[in-house]
$ cat model.cif   # mmCIF, C-alpha atoms
data_upload
loop_
_atom_site.label_atom_id
_atom_site.label_comp_id
_atom_site.auth_asym_id
_atom_site.auth_seq_id
_atom_site.Cartn_x
_atom_site.Cartn_y
_atom_site.Cartn_z
CA MET A 1 11.73 -56.76 -28.97
CA HIS A 2 14.92 -56.93 -26.97
CA ASP A 3 14.70 -56.94 -23.19
CA ALA A 4 10.91 -57.12 -23.31
CA GLY A 5 10.72 -58.24 -19.70
CA LYS A 6 12.68 -55.21 -18.41
CA VAL A 7 10.67 -52.79 -20.54
CA VAL A 8 7.30 -54.15 -19.42
CA ALA A 9 8.43 -54.19 -15.80
CA GLY A 10 9.64 -50.59 -16.13
CA ILE A 11 6.31 -49.48 -17.60
CA ALA A 12 4.46 -51.24 -14.76
CA VAL A 13 6.58 -49.50 -12.11
CA PHE A 14 6.08 -46.15 -13.84
CA ALA A 15 2.29 -46.59 -14.04
CA GLY A 16 2.21 -47.60 -10.39
CA LEU A 17 4.12 -44.50 -9.31
CA VAL A 18 2.04 -42.12 -11.42
CA THR A 19 -1.22 -43.48 -10.06
CA ALA A 20 0.12 -43.68 -6.49
CA PRO A 21 -2.14 -40.88 -5.14
CA ILE A 22 -5.22 -42.80 -6.28
CA TRP A 23 -4.02 -46.07 -4.68
CA TYR A 24 -3.04 -44.26 -1.54
CA GLN A 25 -6.38 -42.49 -1.20
CA ALA A 26 -8.28 -45.71 -1.89
CA SER A 27 -6.26 -47.62 0.70
CA VAL A 28 -6.54 -45.12 3.56
CA GLY A 29 -9.77 -43.15 3.29
CA GLY A 30 -11.98 -44.46 0.56
CA ALA A 31 -13.98 -41.88 -1.41
CA VAL A 32 -13.42 -38.19 -0.74
CA GLN A 33 -16.24 -36.75 1.34
CA PRO A 34 -17.86 -33.56 0.03
CA LEU A 35 -17.48 -30.50 2.24
CA ASP A 36 -20.39 -29.71 4.50
CA LEU A 37 -21.07 -26.17 3.37
CA SER A 38 -24.10 -25.77 5.60
CA ARG A 39 -21.68 -25.14 8.42
CA ASP A 40 -20.04 -22.09 6.88
CA PHE A 41 -22.97 -19.73 7.64
CA PRO A 42 -22.33 -17.24 4.84
CA VAL A 43 -24.80 -14.88 6.46
CA VAL A 44 -25.04 -15.07 10.21
CA ARG A 45 -28.77 -15.37 10.73
CA PRO A 46 -30.59 -16.16 13.93
CA GLY A 47 -30.69 -19.94 14.28
CA ALA A 48 -27.68 -20.51 12.00
CA PRO A 49 -24.85 -22.57 13.46
CA GLY A 50 -22.48 -20.31 15.33
CA PHE A 51 -25.01 -17.53 15.75
CA GLU A 52 -25.10 -18.02 19.51
CA ASP A 53 -21.34 -17.55 19.67
CA LEU A 54 -21.48 -14.11 18.06
CA PRO A 55 -21.74 -10.90 20.02
CA ALA A 56 -25.24 -9.54 19.54
CA ASP A 57 -24.05 -6.38 17.88
CA LEU A 58 -22.24 -8.34 15.19
CA ALA A 59 -25.05 -10.78 14.42
CA LEU A 60 -27.68 -8.09 14.00
CA ASN A 61 -27.86 -4.68 12.41
CA PRO A 62 -28.56 -1.70 14.67
CA ASP A 63 -32.25 -1.90 13.68
CA GLY A 64 -32.44 -5.53 14.77
CA THR A 65 -32.53 -7.16 11.33
CA PRO A 66 -30.09 -9.98 10.63
CA ARG A 67 -26.89 -9.04 8.86
CA GLU A 68 -26.84 -9.37 5.10
CA CYS A 69 -23.89 -10.27 2.87
CA VAL A 70 -22.85 -7.92 0.08
CA GLU A 71 -23.95 -10.52 -2.48
CA PRO A 72 -26.14 -13.67 -2.42
CA THR A 73 -24.45 -16.84 -1.16
CA GLU A 74 -24.22 -18.63 -4.51
CA PHE A 75 -22.74 -15.54 -6.15
CA MET A 76 -20.15 -15.19 -3.41
CA ARG A 77 -19.16 -18.87 -3.61
CA ALA A 78 -18.46 -18.54 -7.31
CA ASN A 79 -17.07 -15.01 -7.47
CA HIS A 80 -15.60 -13.94 -4.11
CA MET A 81 -12.06 -14.13 -5.44
CA ALA A 82 -12.89 -11.91 -8.41
CA ILE A 83 -14.72 -9.44 -6.17
CA LEU A 84 -11.83 -9.26 -3.71
CA ASP A 85 -9.32 -8.85 -6.54
CA ARG A 86 -11.36 -5.96 -7.93
CA TRP A 87 -11.89 -4.41 -4.50
CA ARG A 88 -8.25 -4.20 -3.64
CA ASP A 89 -7.39 -2.36 -6.85
CA GLN A 90 -10.44 -0.16 -6.46
CA VAL A 91 -9.69 0.81 -2.86
CA VAL A 92 -5.90 1.08 -3.02
CA ARG A 93 -5.34 2.41 -6.52
CA GLU A 94 -8.55 4.23 -7.44
CA ASP A 95 -9.60 5.44 -4.00
CA VAL A 96 -13.12 4.10 -4.57
CA HIS A 97 -14.40 2.62 -1.33
CA ASP A 98 -18.01 1.72 -2.17
CA TYR A 99 -19.31 -1.49 -3.73
CA ARG A 100 -22.48 -1.63 -5.78
CA SER A 101 -23.79 -5.18 -5.54
CA THR A 102 -25.78 -7.14 -8.13
CA THR A 103 -28.80 -6.66 -5.87
CA GLY A 104 -28.52 -2.90 -6.41
CA LYS A 105 -27.43 -2.07 -2.90
CA THR A 106 -24.35 0.08 -2.25
CA TRP A 107 -21.96 -0.94 0.51
CA PRO A 108 -19.66 1.76 1.87
CA HIS A 109 -16.07 1.58 3.16
CA LEU A 110 -14.90 -1.77 1.86
CA LYS A 111 -12.37 -3.65 3.94
CA LEU A 112 -11.41 -7.30 3.98
CA THR A 113 -11.20 -7.46 7.76
CA GLY A 114 -13.77 -4.78 8.54
CA THR A 115 -16.38 -5.88 5.99
CA CYS A 116 -16.01 -9.64 5.40
CA MET A 117 -14.58 -10.81 8.70
CA LYS A 118 -17.00 -8.69 10.67
CA CYS A 119 -19.61 -11.41 10.08
CA HIS A 120 -17.50 -14.34 8.90
CA GLN A 121 -15.45 -14.39 12.04
CA LYS A 122 -14.18 -17.94 11.97
CA LYS A 123 -11.48 -17.87 9.31
CA ALA A 124 -10.55 -21.50 9.95
CA GLU A 125 -14.08 -22.61 9.12
CA PHE A 126 -15.07 -19.99 6.62
CA CYS A 127 -11.94 -19.54 4.48
CA ASP A 128 -9.47 -22.28 5.25
CA ARG A 129 -11.69 -25.34 4.92
CA CYS A 130 -12.33 -24.85 1.22
CA HIS A 131 -8.95 -23.37 0.45
CA ASP A 132 -7.15 -26.27 2.09
CA ARG A 133 -9.27 -28.78 0.20
CA ALA A 134 -8.65 -27.00 -3.09
CA GLY A 135 -4.94 -26.54 -2.41
CA GLU A 136 -5.39 -22.76 -2.55
CA LYS A 137 -2.95 -20.65 -0.57
CA PRO A 138 -4.15 -17.05 -0.82
CA TYR A 139 -1.68 -14.64 0.79
CA CYS A 140 -4.37 -12.24 2.07
CA TRP A 141 -3.59 -13.11 5.67
CA ASP A 142 0.11 -12.42 5.41
CA CYS A 143 -0.87 -8.78 5.94
CA HIS A 144 -4.62 -8.56 6.60
CA LEU A 145 -5.79 -9.45 10.07
CA ASP A 146 -8.48 -12.09 10.48
CA ARG A 147 -9.95 -10.54 13.59
CA VAL A 148 -12.07 -7.45 13.45
CA ALA A 149 -11.66 -4.79 16.13
CA GLY A 150 -13.91 -5.59 19.05
CA GLY A 151 -14.37 -9.17 17.85
CA ARG A 152 -13.33 -12.28 19.66
CA MET B 1 12.85 -4.11 -56.24
CA ASP B 2 15.81 -2.30 -57.75
CA MET B 3 17.77 -0.62 -54.95
CA LYS B 4 21.49 -0.32 -54.50
CA ARG B 5 22.99 -1.48 -51.21
CA ARG B 6 24.30 2.05 -50.62
CA ASP B 7 20.80 3.61 -51.02
CA PHE B 8 19.27 1.01 -48.75
CA LEU B 9 21.76 1.85 -45.99
CA LYS B 10 21.04 5.60 -46.34
CA LEU B 11 17.30 4.99 -46.08
CA ALA B 12 17.77 2.71 -43.07
CA GLY B 13 19.90 5.38 -41.38
CA VAL B 14 17.23 8.05 -41.88
CA GLY B 15 14.58 5.67 -40.61
CA ALA B 16 16.54 4.79 -37.48
CA THR B 17 17.19 8.47 -36.72
CA LEU B 18 13.49 9.29 -37.00
CA GLY B 19 12.60 6.30 -34.89
CA VAL B 20 14.92 7.30 -32.07
CA GLY B 21 14.52 11.07 -32.21
CA GLY B 22 11.14 11.37 -33.87
CA ARG B 23 9.13 12.14 -30.76
CA ALA B 24 11.56 14.82 -29.55
CA LEU B 25 11.65 16.31 -33.06
CA TRP B 26 7.85 16.35 -33.24
CA GLU B 27 7.62 18.08 -29.86
CA VAL B 28 10.18 20.70 -30.93
CA VAL B 29 8.25 21.28 -34.18
CA ARG B 30 5.01 21.68 -32.21
CA GLY B 31 6.66 24.14 -29.87
CA GLU B 32 6.64 21.86 -26.83
CA GLU B 33 9.69 21.05 -24.83
CA ALA B 34 11.32 17.72 -25.57
CA PHE B 35 10.03 15.17 -23.04
CA ALA B 36 13.41 13.87 -21.94
CA SER B 37 14.83 17.26 -21.00
CA SER B 38 11.77 19.09 -19.72
CA PRO B 39 12.26 20.28 -16.14
CA HIS B 40 9.54 19.45 -13.66
CA ARG B 41 7.27 22.38 -12.85
CA GLU B 42 5.11 22.63 -9.78
CA THR B 43 1.85 24.49 -9.90
CA SER B 44 -0.12 26.03 -7.06
CA GLU B 45 -3.44 24.83 -8.39
CA GLY B 46 -5.62 21.82 -7.68
CA LEU B 47 -5.83 19.52 -4.69
CA ARG B 48 -2.47 18.57 -3.21
CA TRP B 49 -2.12 17.44 0.40
CA ALA B 50 0.86 18.86 2.23
CA MET B 51 2.31 19.19 5.70
CA VAL B 52 4.06 22.06 7.46
CA VAL B 53 6.35 21.31 10.41
CA ASP B 54 7.17 24.10 12.86
CA THR B 55 10.78 23.29 13.80
CA VAL B 56 10.79 25.98 16.52
CA LYS B 57 7.89 24.38 18.39
CA CYS B 58 9.39 20.95 17.81
CA ALA B 59 12.76 22.07 19.20
CA GLU B 60 11.09 23.32 22.36
CA HIS B 61 10.05 19.73 23.07
CA ALA B 62 13.10 17.83 21.90
CA ASP B 63 12.15 14.68 23.83
CA CYS B 64 8.60 14.51 22.48
CA ARG B 65 7.84 11.47 20.31
CA ASP B 66 4.05 11.69 20.30
CA CYS B 67 3.68 11.91 16.51
CA ILE B 68 5.96 8.93 15.97
CA ALA B 69 4.23 6.83 18.61
CA ALA B 70 0.75 7.66 17.28
CA CYS B 71 1.68 6.93 13.66
CA HIS B 72 3.48 3.70 14.36
CA LYS B 73 0.68 2.48 16.59
CA ALA B 74 -2.05 3.38 14.08
CA HIS B 75 -0.28 1.68 11.17
CA ASN B 76 1.14 -1.40 12.90
CA VAL B 77 4.73 -0.35 12.33
CA PRO B 78 6.97 -2.92 14.03
CA ARG B 79 9.77 -2.11 16.45
CA PHE B 80 13.18 -3.72 16.06
CA GLU B 81 16.19 -3.60 18.32
CA ASP B 82 18.48 -4.30 15.38
CA PRO B 83 18.86 -1.01 13.43
CA ARG B 84 19.38 -2.93 10.19
CA HIS B 85 15.77 -4.11 10.39
CA GLU B 86 14.30 -0.79 11.44
CA ILE B 87 10.96 0.22 9.92
CA LYS B 88 10.01 3.88 10.15
CA TRP B 89 7.25 6.04 8.74
CA ILE B 90 8.11 9.18 10.68
CA TRP B 91 11.21 9.78 12.80
CA ARG B 92 13.42 12.50 14.24
CA GLU B 93 16.44 13.70 12.27
CA THR B 94 19.18 16.20 13.15
CA PHE B 95 19.00 19.56 11.41
CA ALA B 96 22.16 18.85 9.41
CA GLY B 97 20.86 15.40 8.54
CA ALA B 98 17.50 16.68 7.37
CA PHE B 99 18.95 19.65 5.47
CA PRO B 100 22.44 18.64 4.31
CA ASP B 101 22.66 21.59 1.89
CA GLU B 102 21.24 24.21 4.24
CA ASN B 103 23.68 24.12 7.12
CA HIS B 104 27.21 25.34 7.80
CA VAL B 105 29.58 25.38 10.76
CA PHE B 106 28.93 29.05 11.54
CA MET B 107 25.18 28.54 11.89
CA GLY B 108 23.62 29.35 15.24
CA ARG B 109 23.94 26.56 17.75
CA GLU B 110 20.23 26.64 18.53
CA VAL B 111 19.22 26.01 14.93
CA LEU B 112 21.81 23.28 14.43
CA SER B 113 20.72 21.51 17.57
CA ARG B 114 17.08 21.23 16.43
CA THR B 115 15.88 17.76 15.63
CA VAL B 116 13.00 17.71 13.17
CA PRO B 117 10.39 15.08 12.36
CA VAL B 118 10.92 13.70 8.87
CA LEU B 119 8.67 11.47 6.81
CA CYS B 120 7.83 10.69 3.21
CA ASN B 121 7.72 14.02 1.36
CA HIS B 122 4.98 12.92 -1.05
CA CYS B 123 6.99 14.57 -3.80
CA ASP B 124 5.35 16.31 -6.69
CA ASN B 125 7.90 14.54 -8.91
CA PRO B 126 8.60 11.33 -6.97
CA PRO B 127 11.71 9.37 -8.01
CA CYS B 128 10.43 6.24 -6.24
CA VAL B 129 7.42 6.13 -8.57
CA ARG B 130 9.63 6.58 -11.60
CA VAL B 131 11.83 3.60 -10.74
CA CYS B 132 9.17 1.17 -9.51
CA PRO B 133 9.02 -1.65 -12.08
CA THR B 134 5.55 -2.94 -11.11
CA GLY B 135 3.57 0.23 -10.46
CA ALA B 136 3.32 -0.78 -6.81
CA THR B 137 4.16 2.75 -5.77
CA PHE B 138 2.28 5.48 -7.56
CA LYS B 139 1.19 9.08 -7.20
CA ARG B 140 -2.52 9.67 -6.86
CA LYS B 141 -3.55 12.11 -9.59
CA LYS B 142 -6.41 13.54 -7.57
CA ASP B 143 -4.47 14.69 -4.52
CA GLY B 144 -0.74 14.05 -5.03
CA VAL B 145 -0.37 11.41 -2.31
CA VAL B 146 2.41 8.93 -3.10
CA MET B 147 0.89 5.55 -2.30
CA MET B 148 2.09 1.99 -1.84
CA ASP B 149 0.11 -0.94 -3.24
CA MET B 150 1.50 -3.79 -1.14
CA HIS B 151 -0.27 -6.32 -3.38
CA ARG B 152 2.07 -5.43 -6.23
CA CYS B 153 5.33 -4.85 -4.35
CA ILE B 154 7.91 -7.46 -5.32
CA GLY B 155 10.51 -6.23 -2.84
CA CYS B 156 13.11 -5.17 -5.41
CA ARG B 157 13.96 -2.05 -3.34
CA TYR B 158 14.56 0.18 -6.37
CA CYS B 159 12.37 2.77 -4.62
CA ILE B 160 14.63 2.69 -1.56
CA ALA B 161 17.57 3.43 -3.84
CA GLY B 162 15.55 6.10 -5.64
CA CYS B 163 14.28 7.97 -2.58
CA PRO B 164 16.75 10.71 -1.59
CA TYR B 165 15.17 11.06 1.86
CA GLY B 166 15.51 7.53 3.23
CA ALA B 167 11.77 7.53 3.79
CA ARG B 168 11.30 3.90 2.80
CA SER B 169 11.91 0.78 4.85
CA PHE B 170 12.18 -2.84 3.78
CA ASN B 171 10.70 -5.72 5.75
CA TRP B 172 13.64 -8.08 6.12
CA VAL B 173 11.80 -10.23 8.65
CA ASP B 174 8.13 -10.86 9.37
CA PRO B 175 6.93 -7.66 11.07
CA ARG B 176 4.10 -9.45 12.88
CA ASP B 177 6.48 -10.90 15.41
CA HIS B 178 7.70 -7.44 16.37
CA LEU B 179 4.52 -5.48 17.00
CA PRO B 180 4.27 -4.10 20.53
CA GLU B 181 0.48 -3.96 20.07
CA VAL B 182 -1.79 -4.63 17.11
CA ASN B 183 -4.29 -2.14 15.71
CA GLN B 184 -7.03 -4.43 14.37
CA ASP B 185 -8.34 -1.72 12.04
CA TYR B 186 -5.20 -1.60 9.91
CA PRO B 187 -3.33 -4.37 8.10
CA THR B 188 0.23 -5.31 8.92
CA ARG B 189 2.85 -5.86 6.24
CA THR B 190 4.62 -9.07 5.32
CA ARG B 191 8.22 -10.05 4.83
CA GLY B 192 9.65 -8.78 1.55
CA VAL B 193 7.72 -5.55 0.94
CA VAL B 194 8.70 -1.90 1.24
CA GLU B 195 6.65 0.50 3.31
CA LYS B 196 6.47 4.19 4.14
CA CYS B 197 4.17 6.99 5.28
CA THR B 198 0.92 7.22 3.27
CA PHE B 199 -0.22 10.66 4.53
CA CYS B 200 -2.93 8.60 6.27
CA VAL B 201 -4.94 7.82 3.13
CA GLU B 202 -7.29 5.77 5.29
CA ARG B 203 -8.20 8.96 7.15
CA ILE B 204 -8.40 11.00 3.93
CA ALA B 205 -10.92 8.43 2.64
CA LEU B 206 -13.11 8.82 5.71
CA ASN B 207 -12.92 12.62 5.82
CA PRO B 208 -11.95 13.90 2.38
CA ALA B 209 -12.89 17.50 3.11
CA ASN B 210 -10.76 18.05 6.18
CA PRO B 211 -8.51 15.07 6.94
CA VAL B 212 -6.26 15.03 9.99
CA PRO B 213 -3.38 12.51 9.88
CA ALA B 214 -2.58 10.53 13.01
CA CYS B 215 0.70 12.41 13.64
CA VAL B 216 -0.99 15.82 13.33
CA GLU B 217 -3.77 14.71 15.66
CA ALA B 218 -1.25 13.47 18.22
CA CYS B 219 0.85 16.66 18.34
CA ARG B 220 0.01 18.51 21.55
CA PHE B 221 1.90 21.65 20.54
CA GLY B 222 0.41 22.35 17.12
CA ALA B 223 3.79 21.86 15.45
CA LEU B 224 2.30 19.87 12.59
CA VAL B 225 -0.19 21.36 10.14
CA PHE B 226 -1.92 19.49 7.32
CA GLY B 227 -3.94 20.84 4.41
CA ASN B 228 -4.42 21.49 0.74
CA LEU B 229 -1.50 23.25 -0.94
CA GLY B 230 -3.77 24.35 -3.76
CA ASP B 231 -6.06 26.36 -1.48
CA GLU B 232 -4.76 29.76 -0.41
CA ALA B 233 -7.01 29.77 2.65
CA SER B 234 -5.83 26.36 3.88
CA PRO B 235 -3.84 26.11 7.13
CA VAL B 236 -0.69 25.02 5.28
CA ARG B 237 -0.78 27.94 2.87
CA ARG B 238 -1.37 30.40 5.71
CA ALA B 239 1.56 28.90 7.62
CA LEU B 240 3.76 29.09 4.52
CA ALA B 241 2.77 32.68 3.75
CA GLY B 242 3.87 34.05 7.11
CA ARG B 243 7.30 32.54 7.72
CA PHE B 244 10.47 31.33 6.05
CA THR B 245 10.37 27.66 5.17
CA LEU B 246 12.74 25.00 3.90
CA ARG B 247 12.12 21.84 1.97
CA ARG B 248 14.50 18.89 2.07
CA LYS B 249 17.05 18.74 -0.77
CA PRO B 250 15.18 21.11 -3.08
CA GLY B 251 17.97 21.00 -5.69
CA LEU B 252 16.99 17.48 -6.67
CA GLY B 253 13.77 18.74 -8.22
CA THR B 254 11.50 16.32 -6.40
CA GLY B 255 9.13 19.02 -5.16
CA PRO B 256 8.47 17.81 -1.60
CA SER B 257 5.04 18.38 -0.04
CA VAL B 258 6.49 18.61 3.47
CA PHE B 259 7.68 22.07 4.53
CA TYR B 260 9.71 23.15 7.56
CA LEU B 261 9.19 26.49 9.29
CA ILE B 262 12.59 27.74 10.45
#
$ encode --input "model.cif" --output "structure tokens"
Amino acid sequence: MHDAGKVVAGIAVFAGLVTAPIWYQASVGGAVQPLDLSRDFPVVRPGAPGFEDLPADLALNPDGTPRECVEPTEFMRANHMAILDRWRDQVVREDVHDYRSTTGKTWPHLKLTGTCMKCHQKKAEFCDRCHDRAGEKPYCWDCHLDRVAGGR
Amino acid sequence: MDMKRRDFLKLAGVGATLGVGGRALWEVVRGEEAFASSPHRETSEGLRWAMVVDTVKCAEHADCRDCIAACHKAHNVPRFEDPRHEIKWIWRETFAGAFPDENHVFMGREVLSRTVPVLCNHCDNPPCVRVCPTGATFKRKKDGVVMMDMHRCIGCRYCIAGCPYGARSFNWVDPRDHLPEVNQDYPTRTRGVVEKCTFCVERIALNPANPVPACVEACRFGALVFGNLGDEASPVRRALAGRFTLRRKPGLGTGPSVFYLI
């Protein structure tokens, strides 16, 4: 092989550049820490972190029971993007404003701000933490407001 | 296969003719009108939301901007000093500007001096819908409202070119920086989308039987009336039955759902 030294050196430089993110991560932070999802209080129940910060009327239903999410937590973690994608077509294009959940309950008057953010008030903690980690940049908030009327 | 070049070309010609004109031919044979040339026909049946504007009452209060203020506040419509960036859902227009084909120099000064509120006409045959390449703007089959789906708008502005009423505005800059106050119950828009009046679909959804748009609610003088064009007993039909009305640029065949009592 001609110029074997240059070729091998070139391959070594190339491999080093391609794997740079791994070297960089290993040198600065060590292993990536998993997200602490216990902090994202999918349903704001009494005793959950952040519950004390919520206005009483937002943390509880009018009859005093804790607020309930439209779907169970695990379902929402896996499928919220599909649900929201369906909702927006349903509400804007088909004029259907109710959602029938897998638990059999029907939720009226769907809104991103008015329904989701009514309980999940801290967008930075609830939405952005995972999205930032995953490199997701949903453009919901270009138009939709992250504060519900009467919220903080 | 044994076919002469000449016969092949004849057959190809017949095939191409049928391919291009086949549908029109079939419709003529079946006694329907050919789709490309059929004129649009409005019917007086079914649910169709419409608005009637009393230009006499409006002219009596030429400085009133209540409907505009209420609409723009309810829908987070930004305010710009630079007219090139202006966003408007409902605004005041001169009589000659609103009705370019219905005025002449000998017309009474009082009529010519009227300024009338203009907005999206929610046309029965909307040109904006026809030109939209993504389906972002569409006409609701159930009630005739011409809607915008901001999620699908790519900002091409074909609809602005297609609308003969100037009812559509483009967001050249981020509107959030130019909101005098924010209504938390309604989204804003983002840079690069087109927007217009929606006949308050959010209110129609909450009160489908008897919706009252924000502008109609805000009018202190009863100059704006909203209702179902398909119902003879509705307020709009009663207003239309009693007095002479104009629609904007009727010759274009768009079939506006906004009427002006003269």
$ interface_residues --input "model.cif" --of "chain B" --to "chain A" --cutoff "7 Å" --atoms "only C-alpha atoms" --output "VMD selection string"
chain B and resid 149 184 to 185 187 to 190
$ atom_distance --input "model.cif" --atom1 "CA of Thr134 in chain B" --atom2 "CA of Gly155 in chain B"
10.2 Å
$ atom_distance --input "model.cif" --atom1 "CA of His151 in chain B" --atom2 "CA of Lys196 in chain B"
14.6 Å
$ resolve_selection --input "model.cif" --expression "the PyMOL selection byres ((chain B and resi 208) around 12)" --output "compact mmCIF listing (two decimals) with C-alpha atoms, keeping the file's coordinate frame"
# COMPACT_ATOMS: atom_id res chain seq x y z
CA ASP A 95 -9.60 5.44 -4.00
CA LEU B 47 -5.83 19.52 -4.69
CA ARG B 48 -2.47 18.57 -3.21
CA TRP B 49 -2.12 17.44 0.40
CA LYS B 142 -6.41 13.54 -7.57
CA ASP B 143 -4.47 14.69 -4.52
CA CYS B 200 -2.93 8.60 6.27
CA VAL B 201 -4.94 7.82 3.13
CA GLU B 202 -7.29 5.77 5.29
CA ARG B 203 -8.20 8.96 7.15
CA ILE B 204 -8.40 11.00 3.93
CA ALA B 205 -10.92 8.43 2.64
CA LEU B 206 -13.11 8.82 5.71
CA ASN B 207 -12.92 12.62 5.82
CA ALA B 209 -12.89 17.50 3.11
CA ASN B 210 -10.76 18.05 6.18
CA PRO B 211 -8.51 15.07 6.94
CA VAL B 212 -6.26 15.03 9.99
CA PRO B 213 -3.38 12.51 9.88
CA GLY B 227 -3.94 20.84 4.41
CA ASN B 228 -4.42 21.49 0.74
$ atom_distance --input "model.cif" --atom1 "CA of Lys88 in chain B" --atom2 "CA of Cys67 in chain B"
12.0 Å
$ resolve_selection --input "model.cif" --expression "the PyMOL selection byres ((chain A and resi 120-130) around 7)" --output "MDAnalysis selection string"
chainID A and resid 40 42 116:119 131:134 146:147
$ residues_around --input "model.cif" --residues "Cys64 in chain B" --least-positions-apart "6" --cutoff "12 Å" --atoms "all atoms listed in the file" --output "list in words"
Lys57, Cys58, Ala70, Trp91, Arg92, Thr115, Val116, Pro117, Ala218, Cys219, Arg220, Phe221 and Ala223 of chain B
$ resolve_selection --input "model.cif" --expression "the PyMOL selection byres ((chain B and resi 84) around 12)" --output "number ranges by chain"
B: 79-83, 85-88, 169-173
$ residues_around --input "model.cif" --residues "Leu119 in chain B" --least-positions-apart "2" --cutoff "10 Å" --atoms "only C-alpha atoms" --output "PyMOL selection string"
chain B and resi 68+88-93+116-117+121-122+165-168+196-199+258
$ write_last_selection --input "model.cif" --atoms "C-alpha atoms" --output "PDB file, in the frame of the given file"
ATOM      1  CA  ILE B  68       5.960   8.930  15.970  1.00  0.00           C
ATOM      2  CA  LYS B  88      10.010   3.880  10.150  1.00  0.00           C
ATOM      3  CA  TRP B  89       7.250   6.040   8.740  1.00  0.00           C
ATOM      4  CA  ILE B  90       8.110   9.180  10.680  1.00  0.00           C
ATOM      5  CA  TRP B  91      11.210   9.780  12.800  1.00  0.00           C
ATOM      6  CA  ARG B  92      13.420  12.500  14.240  1.00  0.00           C
ATOM      7  CA  GLU B  93      16.440  13.700  12.270  1.00  0.00           C
ATOM      8  CA  VAL B 116      13.000  17.710  13.170  1.00  0.00           C
ATOM      9  CA  PRO B 117      10.390  15.080  12.360  1.00  0.00           C
ATOM     10  CA  ASN B 121       7.720  14.020   1.360  1.00  0.00           C
ATOM     11  CA  HIS B 122       4.980  12.920  -1.050  1.00  0.00           C
ATOM     12  CA  TYR B 165      15.170  11.060   1.860  1.00  0.00           C
ATOM     13  CA  GLY B 166      15.510   7.530   3.230  1.00  0.00           C
ATOM     14  CA  ALA B 167      11.770   7.530   3.790  1.00  0.00           C
ATOM     15  CA  ARG B 168      11.300   3.900   2.800  1.00  0.00           C
ATOM     16  CA  LYS B 196       6.470   4.190   4.140  1.00  0.00           C
ATOM     17  CA  CYS B 197       4.170   6.990   5.280  1.00  0.00           C
ATOM     18  CA  THR B 198       0.920   7.220   3.270  1.00  0.00           C
ATOM     19  CA  PHE B 199      -0.220  10.660   4.530  1.00  0.00           C
ATOM     20  CA  VAL B 258       6.490  18.610   3.470  1.00  0.00           C
TER      21      VAL B 258
END
$ residues_around --input "model.cif" --residues "Lys73 in chain B" --least-positions-apart "2" --cutoff "9 Å" --atoms "only C-alpha atoms" --output "ChimeraX atom specification"
/B:68-71,75-78,179-183
$ write_last_selection --input "model.cif" --atoms "C-alpha atoms" --output "CSV table (one decimal), in the frame of the given file"
chain,number,residue,atom,x,y,z
B,68,ILE,CA,6.0,8.9,16.0
B,69,ALA,CA,4.2,6.8,18.6
B,70,ALA,CA,0.8,7.7,17.3
B,71,CYS,CA,1.7,6.9,13.7
B,75,HIS,CA,-0.3,1.7,11.2
B,76,ASN,CA,1.1,-1.4,12.9
B,77,VAL,CA,4.7,-0.4,12.3
B,78,PRO,CA,7.0,-2.9,14.0
B,179,LEU,CA,4.5,-5.5,17.0
B,180,PRO,CA,4.3,-4.1,20.5
B,181,GLU,CA,0.5,-4.0,20.1
B,182,VAL,CA,-1.8,-4.6,17.1
B,183,ASN,CA,-4.3,-2.1,15.7
$ residues_around --input "model.cif" --residues "Pro108 in chain A" --least-positions-apart "4" --cutoff "9 Å" --atoms "all atoms listed in the file" --output "MDAnalysis selection string"
chainID A and resid 97:100
$ residues_around --input "model.cif" --residues "range 237-244 of chain B" --least-positions-apart "3" --cutoff "6 Å" --atoms "all atoms listed in the file" --output "list of chain:residue names"
B:Glu232, B:Ser234, B:Leu261
$ closest_residue --input "model.cif" --among "B:Leu9, B:Val14, B:Met51, B:Val193" --to "Cys215 in chain B" --atoms "all atoms listed in the file"
B:Met51
